[in-house]
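S.K.: Below is the file final_17.pdb, with PDB, C-alpha atoms and all ligand atoms.
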ATOM      1  CA  MET S  73     -14.128 148.248 -88.232  1.00  0.00           C
ATOM      2  CA  SER S  74     -17.493 149.878 -87.643  1.00  0.00           C
ATOM      3  CA  GLY S  75     -20.655 148.172 -88.814  1.00  0.00           C
ATOM      4  CA  LEU S  76     -21.893 144.702 -88.072  1.00  0.00           C
ATOM      5  CA  VAL S  77     -21.404 141.566 -90.166  1.00  0.00           C
ATOM      6  CA  VAL S  78     -23.656 138.591 -89.424  1.00  0.00           C
ATOM      7  CA  ALA S  79     -22.465 135.398 -91.154  1.00  0.00           C
ATOM      8  CA  MET S  80     -25.211 132.854 -91.831  1.00  0.00           C
ATOM      9  CA  ASP S  81     -24.021 129.500 -93.203  1.00  0.00           C
ATOM     10  CA  GLY S  82     -25.607 126.105 -93.606  1.00  0.00           C
ATOM     11  CA  PRO S  83     -26.818 123.488 -96.082  1.00  0.00           C
ATOM     12  CA  SER S  84     -29.640 123.988 -98.563  1.00  0.00           C
ATOM     13  CA  GLY S  85     -33.102 124.268 -97.066  1.00  0.00           C
ATOM     14  CA  SER S  86     -31.867 125.069 -93.573  1.00  0.00           C
ATOM     15  CA  GLY S  87     -33.872 128.308 -93.627  1.00  0.00           C
ATOM     16  CA  LYS S  88     -30.930 130.672 -94.216  1.00  0.00           C
ATOM     17  CA  SER S  89     -32.581 132.986 -96.743  1.00  0.00           C
ATOM     18  CA  SER S  90     -35.806 133.777 -94.905  1.00  0.00           C
ATOM     19  CA  ALA S  91     -34.029 134.071 -91.571  1.00  0.00           C
ATOM     20  CA  SER S  92     -31.231 136.247 -92.981  1.00  0.00           C
ATOM     21  CA  ARG S  93     -33.661 138.640 -94.625  1.00  0.00           C
ATOM     22  CA  GLY S  94     -35.761 138.837 -91.464  1.00  0.00           C
ATOM     23  CA  VAL S  95     -32.719 139.569 -89.317  1.00  0.00           C
ATOM     24  CA  ALA S  96     -31.473 142.226 -91.768  1.00  0.00           C
ATOM     25  CA  ARG S  97     -34.894 143.909 -91.747  1.00  0.00           C
ATOM     26  CA  ALA S  98     -35.153 143.833 -87.966  1.00  0.00           C
ATOM     27  CA  LEU S  99     -31.700 145.413 -87.565  1.00  0.00           C
ATOM     28  CA  GLY S 100     -31.887 147.809 -90.527  1.00  0.00           C
ATOM     29  CA  LEU S 101     -28.926 146.094 -92.213  1.00  0.00           C
ATOM     30  CA  ARG S 102     -28.156 145.162 -95.831  1.00  0.00           C
ATOM     31  CA  TYR S 103     -28.539 141.542 -96.967  1.00  0.00           C
ATOM     32  CA  LEU S 104     -26.338 139.544 -99.335  1.00  0.00           C
ATOM     33  CA  ASP S 105     -27.355 136.205-100.859  1.00  0.00           C
ATOM     34  CA  THR S 106     -24.037 134.721-101.994  1.00  0.00           C
ATOM     35  CA  GLY S 107     -25.772 131.592-103.329  1.00  0.00           C
ATOM     36  CA  ALA S 108     -27.528 133.819-105.875  1.00  0.00           C
ATOM     37  CA  MET S 109     -24.088 134.900-107.115  1.00  0.00           C
ATOM     38  CA  TYR S 110     -22.945 131.309-107.755  1.00  0.00           C
ATOM     39  CA  ARG S 111     -26.304 130.592-109.351  1.00  0.00           C
ATOM     40  CA  ALA S 112     -26.025 133.671-111.608  1.00  0.00           C
ATOM     41  CA  VAL S 113     -22.560 132.670-112.830  1.00  0.00           C
ATOM     42  CA  THR S 114     -23.894 129.144-113.471  1.00  0.00           C
ATOM     43  CA  TRP S 115     -26.809 130.574-115.499  1.00  0.00           C
ATOM     44  CA  TRP S 116     -24.361 132.653-117.545  1.00  0.00           C
ATOM     45  CA  MET S 117     -22.108 129.623-118.241  1.00  0.00           C
ATOM     46  CA  LEU S 118     -25.116 127.522-119.309  1.00  0.00           C
ATOM     47  CA  GLN S 119     -26.331 130.306-121.613  1.00  0.00           C
ATOM     48  CA  ARG S 120     -22.965 130.379-123.320  1.00  0.00           C
ATOM     49  CA  GLY S 121     -22.750 126.625-123.686  1.00  0.00           C
ATOM     50  CA  VAL S 122     -19.700 126.231-121.462  1.00  0.00           C
ATOM     51  CA  ASN S 123     -19.141 122.567-120.562  1.00  0.00           C
ATOM     52  CA  LEU S 124     -19.569 122.606-116.793  1.00  0.00           C
ATOM     53  CA  GLU S 125     -17.861 119.225-116.420  1.00  0.00           C
ATOM     54  CA  ASP S 126     -14.700 120.898-117.728  1.00  0.00           C
ATOM     55  CA  SER S 127     -13.434 122.965-114.806  1.00  0.00           C
ATOM     56  CA  ALA S 128     -10.651 124.504-116.936  1.00  0.00           C
ATOM     57  CA  ALA S 129     -13.270 125.807-119.384  1.00  0.00           C
ATOM     58  CA  VAL S 130     -15.323 127.251-116.502  1.00  0.00           C
ATOM     59  CA  ALA S 131     -12.199 128.813-114.984  1.00  0.00           C
ATOM     60  CA  ALA S 132     -11.183 130.341-118.324  1.00  0.00           C
ATOM     61  CA  ARG S 133     -14.462 132.282-118.573  1.00  0.00           C
ATOM     62  CA  SER S 134     -14.974 133.025-114.894  1.00  0.00           C
ATOM     63  CA  ALA S 135     -13.935 136.677-115.170  1.00  0.00           C
ATOM     64  CA  GLU S 136     -16.488 137.507-117.874  1.00  0.00           C
ATOM     65  CA  PRO S 137     -19.956 137.703-116.267  1.00  0.00           C
ATOM     66  CA  VAL S 138     -20.641 141.101-114.693  1.00  0.00           C
ATOM     67  CA  LEU S 139     -22.762 140.710-111.563  1.00  0.00           C
ATOM     68  CA  VAL S 140     -24.683 143.499-109.843  1.00  0.00           C
ATOM     69  CA  MET S 141     -26.291 142.642-106.507  1.00  0.00           C
ATOM     70  CA  SER S 142     -29.196 144.331-104.761  1.00  0.00           C
ATOM     71  CA  THR S 143     -28.591 144.172-101.010  1.00  0.00           C
ATOM     72  CA  ASP S 144     -32.031 145.488-100.028  1.00  0.00           C
ATOM     73  CA  PRO S 145     -33.581 142.786 -97.777  1.00  0.00           C
ATOM     74  CA  ASP S 146     -37.002 143.757 -99.129  1.00  0.00           C
ATOM     75  CA  ALA S 147     -35.910 143.444-102.768  1.00  0.00           C
ATOM     76  CA  PRO S 148     -32.787 141.301-103.041  1.00  0.00           C
ATOM     77  CA  GLY S 149     -31.646 140.289-106.477  1.00  0.00           C
ATOM     78  CA  VAL S 150     -28.946 139.867-109.050  1.00  0.00           C
ATOM     79  CA  THR S 151     -28.364 140.939-112.623  1.00  0.00           C
ATOM     80  CA  VAL S 152     -25.748 139.435-114.933  1.00  0.00           C
ATOM     81  CA  ASP S 153     -24.534 141.597-117.803  1.00  0.00           C
ATOM     82  CA  GLY S 154     -27.616 143.729-117.115  1.00  0.00           C
ATOM     83  CA  VAL S 155     -30.094 140.800-117.347  1.00  0.00           C
ATOM     84  CA  ASP S 156     -32.445 140.150-114.402  1.00  0.00           C
ATOM     85  CA  VAL S 157     -31.950 136.427-113.729  1.00  0.00           C
ATOM     86  CA  ASN S 158     -33.807 136.071-110.442  1.00  0.00           C
ATOM     87  CA  GLY S 159     -36.375 133.695-111.958  1.00  0.00           C
ATOM     88  CA  PRO S 160     -34.124 131.379-113.979  1.00  0.00           C
ATOM     89  CA  ILE S 161     -31.462 130.976-111.291  1.00  0.00           C
ATOM     90  CA  ARG S 162     -34.014 129.164-109.088  1.00  0.00           C
ATOM     91  CA  GLY S 163     -34.912 126.649-111.803  1.00  0.00           C
ATOM     92  CA  PRO S 164     -33.856 122.978-111.807  1.00  0.00           C
ATOM     93  CA  GLU S 165     -31.231 123.416-114.532  1.00  0.00           C
ATOM     94  CA  VAL S 166     -29.192 125.939-112.538  1.00  0.00           C
ATOM     95  CA  THR S 167     -29.839 124.178-109.204  1.00  0.00           C
ATOM     96  CA  GLY S 168     -28.554 120.902-110.660  1.00  0.00           C
ATOM     97  CA  ALA S 169     -25.419 122.517-112.107  1.00  0.00           C
ATOM     98  CA  VAL S 170     -24.393 125.119-109.537  1.00  0.00           C
ATOM     99  CA  SER S 171     -22.266 122.840-107.345  1.00  0.00           C
ATOM    100  CA  ALA S 172     -19.959 122.038-110.277  1.00  0.00           C
ATOM    101  CA  VAL S 173     -19.420 125.745-110.992  1.00  0.00           C
ATOM    102  CA  SER S 174     -19.005 126.750-107.339  1.00  0.00           C
ATOM    103  CA  ALA S 175     -16.274 124.118-106.897  1.00  0.00           C
ATOM    104  CA  VAL S 176     -13.994 125.907-109.390  1.00  0.00           C
ATOM    105  CA  PRO S 177     -11.369 127.919-107.431  1.00  0.00           C
ATOM    106  CA  GLU S 178     -11.220 130.757-110.024  1.00  0.00           C
ATOM    107  CA  VAL S 179     -14.992 131.266-109.718  1.00  0.00           C
ATOM    108  CA  ARG S 180     -14.773 131.309-105.926  1.00  0.00           C
ATOM    109  CA  HIS S 181     -11.842 133.688-105.885  1.00  0.00           C
ATOM    110  CA  ARG S 182     -13.673 136.191-108.039  1.00  0.00           C
ATOM    111  CA  LEU S 183     -16.962 135.973-106.135  1.00  0.00           C
ATOM    112  CA  VAL S 184     -15.332 136.049-102.693  1.00  0.00           C
ATOM    113  CA  THR S 185     -13.492 139.230-103.741  1.00  0.00           C
ATOM    114  CA  LEU S 186     -16.774 140.787-104.880  1.00  0.00           C
ATOM    115  CA  GLN S 187     -18.537 139.656-101.684  1.00  0.00           C
ATOM    116  CA  ARG S 188     -15.849 141.307 -99.549  1.00  0.00           C
ATOM    117  CA  GLU S 189     -16.214 144.542-101.524  1.00  0.00           C
ATOM    118  CA  ILE S 190     -19.990 144.528-100.981  1.00  0.00           C
ATOM    119  CA  ILE S 191     -19.496 143.858 -97.256  1.00  0.00           C
ATOM    120  CA  ALA S 192     -16.965 146.711 -96.954  1.00  0.00           C
ATOM    121  CA  GLU S 193     -19.343 149.117 -98.736  1.00  0.00           C
ATOM    122  CA  SER S 194     -22.162 148.220 -96.324  1.00  0.00           C
ATOM    123  CA  LEU S 195     -20.254 148.913 -93.118  1.00  0.00           C
ATOM    124  CA  PRO S 196     -20.662 152.706 -92.987  1.00  0.00           C
ATOM    125  CA  GLY S 197     -24.438 152.181 -93.324  1.00  0.00           C
ATOM    126  CA  GLY S 198     -24.589 149.840 -90.310  1.00  0.00           C
ATOM    127  CA  GLY S 199     -23.575 146.485 -91.759  1.00  0.00           C
ATOM    128  CA  ILE S 200     -24.880 143.406 -93.497  1.00  0.00           C
ATOM    129  CA  VAL S 201     -26.265 139.913 -93.030  1.00  0.00           C
ATOM    130  CA  VAL S 202     -24.468 137.553 -95.419  1.00  0.00           C
ATOM    131  CA  GLU S 203     -25.723 134.056 -96.166  1.00  0.00           C
ATOM    132  CA  GLY S 204     -23.862 131.219 -97.849  1.00  0.00           C
ATOM    133  CA  ARG S 205     -21.659 128.202 -97.221  1.00  0.00           C
ATOM    134  CA  ASP S 206     -18.256 129.719 -96.421  1.00  0.00           C
ATOM    135  CA  ILE S 207     -19.063 133.128 -94.947  1.00  0.00           C
ATOM    136  CA  GLY S 208     -17.854 132.434 -91.406  1.00  0.00           C
ATOM    137  CA  THR S 209     -14.861 130.393 -92.575  1.00  0.00           C
ATOM    138  CA  VAL S 210     -13.574 132.278 -95.647  1.00  0.00           C
ATOM    139  CA  VAL S 211     -15.467 135.398 -96.740  1.00  0.00           C
ATOM    140  CA  ALA S 212     -15.776 137.139 -93.360  1.00  0.00           C
ATOM    141  CA  PRO S 213     -13.740 135.165 -90.805  1.00  0.00           C
ATOM    142  CA  ASP S 214     -13.723 138.208 -88.471  1.00  0.00           C
ATOM    143  CA  ALA S 215     -17.522 138.524 -88.374  1.00  0.00           C
ATOM    144  CA  PRO S 216     -18.542 138.981 -84.720  1.00  0.00           C
ATOM    145  CA  VAL S 217     -21.681 136.890 -85.187  1.00  0.00           C
ATOM    146  CA  LYS S 218     -21.542 133.559 -87.009  1.00  0.00           C
ATOM    147  CA  ILE S 219     -24.500 131.229 -87.152  1.00  0.00           C
ATOM    148  CA  TYR S 220     -24.528 127.752 -88.672  1.00  0.00           C
ATOM    149  CA  LEU S 221     -28.106 126.753 -89.435  1.00  0.00           C
ATOM    150  CA  THR S 222     -29.062 123.108 -89.711  1.00  0.00           C
ATOM    151  CA  ALA S 223     -32.300 121.163 -89.932  1.00  0.00           C
ATOM    152  CA  ASP S 224     -32.978 117.486 -90.430  1.00  0.00           C
ATOM    153  CA  ALA S 225     -33.194 116.229 -94.007  1.00  0.00           C
ATOM    154  CA  GLU S 226     -36.959 115.646 -93.918  1.00  0.00           C
ATOM    155  CA  ALA S 227     -37.687 119.180 -92.642  1.00  0.00           C
ATOM    156  CA  ARG S 228     -35.387 120.742 -95.236  1.00  0.00           C
ATOM    157  CA  ALA S 229     -36.955 118.776 -98.080  1.00  0.00           C
ATOM    158  CA  LEU S 230     -40.453 119.672 -96.890  1.00  0.00           C
ATOM    159  CA  ARG S 231     -39.603 123.394 -96.854  1.00  0.00           C
ATOM    160  CA  ARG S 232     -38.094 123.280-100.344  1.00  0.00           C
ATOM    161  CA  THR S 233     -41.036 121.309-101.725  1.00  0.00           C
ATOM    162  CA  ALA S 234     -43.437 123.937-100.383  1.00  0.00           C
ATOM    163  CA  GLU S 235     -41.465 126.665-102.212  1.00  0.00           C
ATOM    164  CA  LEU S 236     -41.328 124.908-105.598  1.00  0.00           C
ATOM    165  CA  ASP S 237     -43.977 123.699-108.026  1.00  0.00           C
ATOM    166  CA  GLY S 238     -44.030 120.219-109.515  1.00  0.00           C
ATOM    167  CA  THR S 239     -41.686 118.412-107.152  1.00  0.00           C
ATOM    168  CA  THR S 240     -41.963 115.844-104.377  1.00  0.00           C
ATOM    169  CA  VAL S 241     -40.406 115.573-100.941  1.00  0.00           C
ATOM    170  CA  GLU S 242     -38.487 112.447-101.995  1.00  0.00           C
ATOM    171  CA  ALA S 243     -37.101 114.138-105.123  1.00  0.00           C
ATOM    172  CA  GLN S 244     -36.047 117.175-103.102  1.00  0.00           C
ATOM    173  CA  LYS S 245     -34.454 115.027-100.436  1.00  0.00           C
ATOM    174  CA  SER S 246     -32.201 113.256-102.898  1.00  0.00           C
ATOM    175  CA  ALA S 247     -31.390 116.447-104.867  1.00  0.00           C
ATOM    176  CA  MET S 248     -30.443 118.257-101.656  1.00  0.00           C
ATOM    177  CA  ALA S 249     -28.386 115.332-100.374  1.00  0.00           C
ATOM    178  CA  ARG S 250     -26.442 115.298-103.638  1.00  0.00           C
ATOM    179  CA  ARG S 251     -25.831 119.072-103.588  1.00  0.00           C
ATOM    180  CA  ASP S 252     -24.824 119.111 -99.905  1.00  0.00           C
ATOM    181  CA  ALA S 253     -22.413 116.202-100.490  1.00  0.00           C
ATOM    182  CA  LEU S 254     -20.774 118.040-103.400  1.00  0.00           C
ATOM    183  CA  ASP S 255     -20.660 121.353-101.484  1.00  0.00           C
ATOM    184  CA  SER S 256     -19.153 119.862 -98.347  1.00  0.00           C
ATOM    185  CA  THR S 257     -16.555 117.619-100.003  1.00  0.00           C
ATOM    186  CA  ARG S 258     -15.129 120.015-102.611  1.00  0.00           C
ATOM    187  CA  LYS S 259     -11.510 121.121-102.118  1.00  0.00           C
ATOM    188  CA  ALA S 260     -12.088 124.887-102.390  1.00  0.00           C
ATOM    189  CA  ASP S 261     -13.880 126.486 -99.416  1.00  0.00           C
ATOM    190  CA  PRO S 262     -16.278 123.616 -98.638  1.00  0.00           C
ATOM    191  CA  LEU S 263     -19.486 124.034 -96.664  1.00  0.00           C
ATOM    192  CA  ALA S 264     -18.290 123.936 -93.066  1.00  0.00           C
ATOM    193  CA  LYS S 265     -19.179 125.249 -89.645  1.00  0.00           C
ATOM    194  CA  ALA S 266     -16.629 127.794 -88.413  1.00  0.00           C
ATOM    195  CA  ALA S 267     -15.061 126.812 -85.089  1.00  0.00           C
ATOM    196  CA  ASP S 268     -16.556 129.918 -83.460  1.00  0.00           C
ATOM    197  CA  ALA S 269     -20.016 129.673 -85.081  1.00  0.00           C
ATOM    198  CA  VAL S 270     -23.140 128.979 -83.050  1.00  0.00           C
ATOM    199  CA  GLU S 271     -25.055 126.009 -84.433  1.00  0.00           C
ATOM    200  CA  LEU S 272     -28.802 126.491 -84.566  1.00  0.00           C
ATOM    201  CA  ASP S 273     -31.029 123.528 -85.398  1.00  0.00           C
ATOM    202  CA  THR S 274     -34.136 125.021 -86.993  1.00  0.00           C
ATOM    203  CA  THR S 275     -36.072 121.724 -87.272  1.00  0.00           C
ATOM    204  CA  PRO S 276     -38.525 122.452 -84.446  1.00  0.00           C
ATOM    205  CA  LEU S 277     -38.635 126.242 -84.977  1.00  0.00           C
ATOM    206  CA  ASP S 278     -40.826 128.458 -87.134  1.00  0.00           C
ATOM    207  CA  LEU S 279     -39.354 131.439 -88.965  1.00  0.00           C
ATOM    208  CA  ASP S 280     -40.148 133.990 -86.236  1.00  0.00           C
ATOM    209  CA  GLU S 281     -38.477 131.773 -83.645  1.00  0.00           C
ATOM    210  CA  VAL S 282     -35.337 131.413 -85.786  1.00  0.00           C
ATOM    211  CA  ILE S 283     -35.158 135.191 -86.302  1.00  0.00           C
ATOM    212  CA  ALA S 284     -35.690 135.829 -82.587  1.00  0.00           C
ATOM    213  CA  GLU S 285     -32.895 133.417 -81.678  1.00  0.00           C
ATOM    214  CA  VAL S 286     -30.466 135.020 -84.147  1.00  0.00           C
ATOM    215  CA  LEU S 287     -31.355 138.494 -82.836  1.00  0.00           C
ATOM    216  CA  ARG S 288     -30.679 137.242 -79.303  1.00  0.00           C
ATOM    217  CA  LEU S 289     -27.253 135.966 -80.407  1.00  0.00           C
ATOM    218  CA  VAL S 290     -26.495 139.267 -82.128  1.00  0.00           C
ATOM    219  CA  LYS S 291     -27.322 141.142 -78.928  1.00  0.00           C
ATOM    220  CA  GLU S 292     -25.109 138.807 -76.928  1.00  0.00           C
ATOM    221  CA  ARG S 293     -22.127 138.743 -79.274  1.00  0.00           C
ATOM    222  CA  ALA S 294     -21.980 142.010 -81.239  1.00  0.00           C
TER     223      ALA S 294
HETATM  224  O1  LIG M   1     -27.797 129.038-101.106  1.00  0.00           O
HETATM  225  P1  LIG M   1     -28.093 128.428-102.459  1.00  0.00           P
HETATM  226  O2  LIG M   1     -28.767 127.096-102.355  1.00  0.00           O
HETATM  227  O3  LIG M   1     -28.793 129.359-103.384  1.00  0.00           O
HETATM  228  O4  LIG M   1     -26.647 128.182-103.093  1.00  0.00           O
HETATM  229  C1  LIG M   1     -26.510 127.589-104.353  1.00  0.00           C
HETATM  230  C2  LIG M   1     -25.143 126.925-104.463  1.00  0.00           C
HETATM  231  O5  LIG M   1     -24.124 127.910-104.511  1.00  0.00           O
HETATM  232  C3  LIG M   1     -24.748 125.987-103.332  1.00  0.00           C
HETATM  233  O6  LIG M   1     -25.264 124.678-103.499  1.00  0.00           O
HETATM  234  C4  LIG M   1     -23.220 126.005-103.428  1.00  0.00           C
HETATM  235  O7  LIG M   1     -22.781 125.123-104.448  1.00  0.00           O
HETATM  236  C5  LIG M   1     -22.941 127.427-103.893  1.00  0.00           C
HETATM  237  N1  LIG M   1     -22.547 128.327-102.827  1.00  0.00           N
HETATM  238  C6  LIG M   1     -21.236 128.311-102.424  1.00  0.00           C
HETATM  239  N2  LIG M   1     -20.777 129.207-101.511  1.00  0.00           N
HETATM  240  C7  LIG M   1     -21.613 130.115-100.988  1.00  0.00           C
HETATM  241  C8  LIG M   1     -22.975 130.138-101.365  1.00  0.00           C
HETATM  242  C9  LIG M   1     -23.413 129.200-102.277  1.00  0.00           C
HETATM  243  O8  LIG M   1     -20.454 127.482-102.897  1.00  0.00           O
HETATM  244  N3  LIG M   1     -21.129 131.015-100.119  1.00  0.00           N
END
Please express what this file holds, its structure, as structure tokens.
M.R.:
Amino acid sequence: MSGLVVAMDGPSGSGKSSASRGVARALGLRYLDTGAMYRAVTWWMLQRGVNLEDSAAVAARSAEPVLVMSTDPDAPGVTVDGVDVNGPIRGPEVTGAVSAVSAVPEVRHRLVTLQREIIAESLPGGGIVVEGRDIGTVVAPDAPVKIYLTADAEARALRRTAELDGTTVEAQKSAMARRDALDSTRKADPLAKAADAVELDTTPLDLDEVIAEVLRLVKERA
């Protein structure tokens, strides 16, 4: 296999997105935000009035939404059935519902298949940085570089609060704790650190320091 795959996993607010984009830019690689894919499917299900508490109903419609991903680290994004959903998928409605949708095995199977296709297409061009929850464990278990980003709950909530309008650190802390608990205890492909991943605690680091550390690991491991 030619081309590099960098797997970046970790809980919400650990700094995955900014770091992954920065690393992709620095190395001239593509970038895939797999969380945006689960969010886009969730948006689509909400639009169609699917009851997200009913996993059979979610599973039954999981093959319908057509996702197209931009893997440009300078302009990442997703469309669903041709609709640009990059704004709405970051809103509280989707954020509050996405863990229920991403726990449905049929949804995961479809998106993991699509993620692997996107990764394979990127390899001749040099490779890809992929961020998510199960990249090192499930989507790309052979990735030569796997990073598991963490940060303490206060730091993660502070970062998220700075990115969003009209929220508080306390509200973010409890919303993130709820989402991380759901994501790490679900049966299908839970959030987990791969045995061969390097854990990087970003609490005391700024973005440039996180990127520099990942680039150092890439140099060492790839
Ligand atoms: O990374 P982000 O916070 O945008 O991810 C949104 C949600 O998508 C996560 O809380 C999780 O439920 C789901 N997800 C997942 N597997 C991935 C990426 C995201 O289950 N690889």
S.K.: Give as number ranges by chain the residues surrounding ligand LIG 1 (chain M) up to a distance of 8 Å, considering only C-alpha atoms and all ligand atoms.
M.R.: S: 81, 83-85, 88-89, 105-111, 162, 167, 170-175, 180, 203-207, 211, 251-252, 254-255, 261-263
S.K.: Applying the PyMOL selection byres (((chain S and resi 215-222) around 10) and not hetatm) to the file I just gave you, which residues come out? Please list them as a PyMOL selection string.
M.R.: chain S and resi 76-88+91+201-205+207-209+211-214+223-225+227-228+264-275+282+286+289-294
S.K.: From the list S:Gly197, S:Gly94, S:Gly121, S:Gly75, which residue is nearest Ile283 in chain S when using all atoms listed in the file?
M.R.: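 Among the listed residues, the smallest separation from Ile283 in chain S belongs to S:Gly94.
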S.K.: Smallest atom-to-atom distance to Ala147 in chain S: which of S:Ala132, S:Leu104, S:Val179, S:Leu195, using only C-alpha atoms?
M.R.: S:Leu104
S.K.: Mind giving me the straight-line distance from CA of Ala249 in chain S to CA of Asp156 in chain S in Å, one decimal?
M.R.: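 Separating CA of Ala249 in chain S from CA of Asp156 in chain S is a distance of 28.8 Å.
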S.K.: List as a list of chain:residue names the protein and nucleic acid residues near Ile161 in chain S, meaning an atom at most 7 Å away when only C-alpha atoms are counted, but skip any in the same chain fewer than 3 places from it.
M.R.: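 Once the nearby chain positions are removed, what remains is S:Arg111, S:Ala112, S:Trp115, S:Val157, S:Asn158, S:Val166.
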S.K.: How would the residues just picked look written out with C-alpha atoms as a short mmCIF file (atom, residue, chain, number, x, y, z; two decimals), keeping the file's coordinate frame?
M.R.:
data_model
loop_
_atom_site.label_atom_id
_atom_site.label_comp_id
_atom_site.auth_asym_id
_atom_site.auth_seq_id
_atom_site.Cartn_x
_atom_site.Cartn_y
_atom_site.Cartn_z
CA ARG S 111 -26.30 130.59 -109.35
CA ALA S 112 -26.02 133.67 -111.61
CA TRP S 115 -26.81 130.57 -115.50
CA VAL S 157 -31.95 136.43 -113.73
CA ASN S 158 -33.81 136.07 -110.44
CA VAL S 166 -29.19 125.94 -112.54
#
S.K.: Nearest residue to Asp153 in chain S out of S:Gly199, S:Arg258, S:Ser90, S:Val140, using only C-alpha atoms?
M.R.: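 Residue with the minimum atom-to-atom distance to Asp153 in chain S: S:Val140.
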S.K.: Would you place a box with edges along x, y and z of the file around all atoms of range 162-181 of chain S listed there, add 6 Å to each of its six sides, and report the centre and edge lengths in Å to one decimal, as lines of an AutoDock Vina configuration file?
M.R.:
center_x = -23.1
center_y = 127.3
center_z = -110.2
size_x = 35.7
size_y = 24.8
size_z = 20.6
S.K.: May I have the residues within 9 Å of Ala135 in chain S as a ChimeraX atom specification, using all atoms listed in the file and disregarding those fewer than 4 positions away in the same chain?
M.R.: /S:131,178-179,182
S.K.: Which distance in Å separates CA of Tyr103 in chain S and CA of Gln187 in chain S, to one decimal?
M.R.: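 If I compute the distance from CA of Tyr103 in chain S to CA of Gln187 in chain S, I get 11.2 Å.
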S.K.: Using only C-alpha atoms, which residue out of S:Gly168, S:Pro145, S:Gly100, S:Pro160 lies closest to Met248 in chain S?
M.R.: S:Gly168
S.K.: Looking at all atoms listed in the file, which of S:Leu186, S:Leu101, S:Ala129, S:Gly159 is the one that sits closest to Met141 in chain S?
M.R.: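 Residue with the minimum atom-to-atom distance to Met141 in chain S: S:Leu186.
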S.K.: What is the CA of Ala96 in chain S-CA of Ala234 in chain S distance in Å, reported with one decimal?
M.R.: 23.5 Å
S.K.: Pick out the residues sitting within 10 Å of Leu230 in chain S, and hand them over as number ranges by chain; count all atoms listed in the file, and ignore anything fewer than 4 positions along from it in its own chain.
M.R.: S: 85, 225-226, 234-235, 240-242, 244-245
S.K.: Go ahead and write the selection's residues with C-alpha atoms as a PDB file, in the frame of the given file.
M.R.:
ATOM      1  CA  GLY S  85     -33.102 124.268 -97.066  1.00  0.00           C
ATOM      2  CA  ALA S 225     -33.194 116.229 -94.007  1.00  0.00           C
ATOM      3  CA  GLU S 226     -36.959 115.646 -93.918  1.00  0.00           C
ATOM      4  CA  ALA S 234     -43.437 123.937-100.383  1.00  0.00           C
ATOM      5  CA  GLU S 235     -41.465 126.665-102.212  1.00  0.00           C
ATOM      6  CA  THR S 240     -41.963 115.844-104.377  1.00  0.00           C
ATOM      7  CA  VAL S 241     -40.406 115.573-100.941  1.00  0.00           C
ATOM      8  CA  GLU S 242     -38.487 112.447-101.995  1.00  0.00           C
ATOM      9  CA  GLN S 244     -36.047 117.175-103.102  1.00  0.00           C
ATOM     10  CA  LYS S 245     -34.454 115.027-100.436  1.00  0.00           C
TER      11      LYS S 245
END
